[in-house]
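K.L.:
I am attaching a structure below and will ask some questions about it afterwards.
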Amino acid sequence: MRMSPKLLWLGLAAAGGAASIAAGPANETTNQRQPVLVELFTSEGCSSCPPADALLEKLDSQQPIAGAQIIVLSEHVDYWDHLGWKDPFDSAAFTARQVDYAKRFGLGDPYTPQMVVNGSAECNGSDTPRVESAIRQALAQPKVGVRIRAAASVDAAVTIEVDPLPEGTAHKASVYLAYAAERGTSDVARGENKGRTLRYVSIARNIQRVGNIGGREVFKKQVSIRAADAPPESRLIAFVQEPDNGRVWGAALYSIPK
């Protein structure tokens, strides 16, 4: 589905809680898998979206691409709310993020469902072959190490560490932290998905830029995560991205346990 959304911006704040570390830099992840960030732009007001939601859950649970640690993020947009059902997980900020991607990829309008892989490729979010191909291509791109560690000296805090961008490049990038609910369900009473129970994984609640990187220094920042602001079984996802929603250089996942 496609339409021209009203351009909106919404400031976001990070949230979280104490947790165990689930990912590290590209060459230190579990089983030597390289992190690949897969974003799905979706909406409960879109009848074409449930298959893409199911594919995102499959990518997350089955990790079907050899060598890839697929880090997923479900971002619900708000421009289908006028069809009679307001998506309880949507945000104008995610719509604005998708609009930036539409400009970058030369698309006339944003659409749902759309998957964006490592900020470098986009396709219909239910097109399994194209999504998997984009993930494999992302594995061949250079990466930088990203780590989220429990802070040694402060309770309910983590330290985000990012290695320098590759030497010889003029690239600059920003470091983002996303908070996502582990899972969620919704019983849709109206709109195109009326009568359906929809299920999601890694539902983005907010995304915040926590710093910038450039030059040859390691980025390091401690971030407070308050358990009261994040329910159990939530996720923190850190990623490094070039300006204007450019390519993603690295990502890491931090899980908040039960």
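Every chain in the structure tokens has a letter given in the order shown (A, B, ...), and although residue numbers restart at 1 in each chain, ligands are simply numbered from 1 in the order shown.
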Quick one: residues within 12 Å of Val72 in chain A, only C-alpha atoms counted, chain neighbours fewer than 6 positions away excluded, as a ChimeraX atom specification?
P.N.:
/A:35-41,53,55-63,115-118,135,178-183,200-204,235-239,251-253
K.L.:
Just list as a VMD selection string whatever in range 64-194 of chain A DSSP marks as strand (DSSP E).
P.N.:
chain A and resid 68 to 76 114 to 117 121 to 124 146 to 150 157 to 162 173 to 187
K.L.:
From the set A:Gly108, A:Gly195, A:Gly250, A:Gly45, which residue has the shortest atom-to-atom contact distance to Trp85 in chain A, counting only C-alpha atoms?
P.N.:
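For Trp85 in chain A, the nearest of the given residues is A:Gly45.
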K.L.:
Using only C-alpha atoms, which of A:Glu132, A:Asp90, A:Asp81, A:Glu44 sits nearest Ala68 in chain A?
P.N.:
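Of A:Glu132, A:Asp90, A:Asp81, A:Glu44, the one nearest Ala68 in chain A is A:Glu132, counting only C-alpha atoms.
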K.L.:
If you measure from CA of His171 in chain A to CA of Pro142 in chain A, what distance in Å do you get, rounded to one decimal?
P.N.:
12.7 Å
K.L.:
Need the shell around Lys172 in chain A: protein/DNA/RNA residues with any atom at most 10 Å away, counting only C-alpha atoms. Skip same-chain ones fewer than 3 positions apart. Format as an MDAnalysis selection string?
P.N.:
chainID A and resid 164:165 169 212:215 240:243
K.L.:
If I take CA of Leu83 in chain A and CA of Glu122 in chain A, how far is one from the other in Å, to one decimal?
P.N.:
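Those two atoms sit 25.4 Å apart.
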K.L.:
Need to verify the contact set: Glu161 in chain A, 6 Å, only C-alpha atoms, exclusion of same-chain residues closer than 3 positions in sequence. Can you return it as a PyMOL selection string?
P.N.:
chain A and resi 146-147+219-220
K.L.:
Could you write out that same residue set with C-alpha atoms as a compact mmCIF listing (two decimals), in the first residue's frame?
P.N.:
```txt
# COMPACT_ATOMS: atom_id res chain seq x y z
CA VAL A 146 29.30 -2.51 18.24
CA ARG A 147 29.01 -3.71 21.83
CA PHE A 219 33.00 5.72 20.75
CA LYS A 220 31.96 4.95 24.31
```
K.L.:
Looking at only C-alpha atoms, which of A:Ala173, A:Ile65, A:Leu107, A:Ala134 is the one that sits closest to Gly211 in chain A?
P.N.:
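Between A:Ala173, A:Ile65, A:Leu107, A:Ala134, the residue approaching Gly211 in chain A most closely is A:Ala173.
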K.L.:
Where in range 39-258 of chain A does DSSP assign alpha helix (DSSP H), given as JSON, numbers by chain?
P.N.:
{"A": [49, 50, 51, 52, 53, 54, 55, 56, 57, 58, 59, 60, 61, 62, 92, 93, 94, 95, 96, 97, 98, 99, 100, 101, 102, 103, 104, 128, 129, 130, 131, 132, 133, 134, 135, 136, 137, 138, 139]}
K.L.:
Select, from A:Ala96, A:Ala52, A:Val218, A:Cys46, the residue with the minimum atom-to-atom distance to His82 in chain A, counting only C-alpha atoms.
P.N.:
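Closest candidate: A:Cys46.
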K.L.:
Which of these residues is nearest to Glu192 in chain A, using only C-alpha atoms: A:Pro166, A:Gly125, A:Gly84, A:Gly145?
P.N.:
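Of A:Pro166, A:Gly125, A:Gly84, A:Gly145, the one nearest Glu192 in chain A is A:Gly84, counting only C-alpha atoms.
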K.L.:
Of the candidates A:Leu73, A:Cys123, A:Ala92, A:Ala140, which one gets nearest to Trp249 in chain A if we count only C-alpha atoms?
P.N.:
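For Trp249 in chain A, the nearest of the candidates is A:Ala140.
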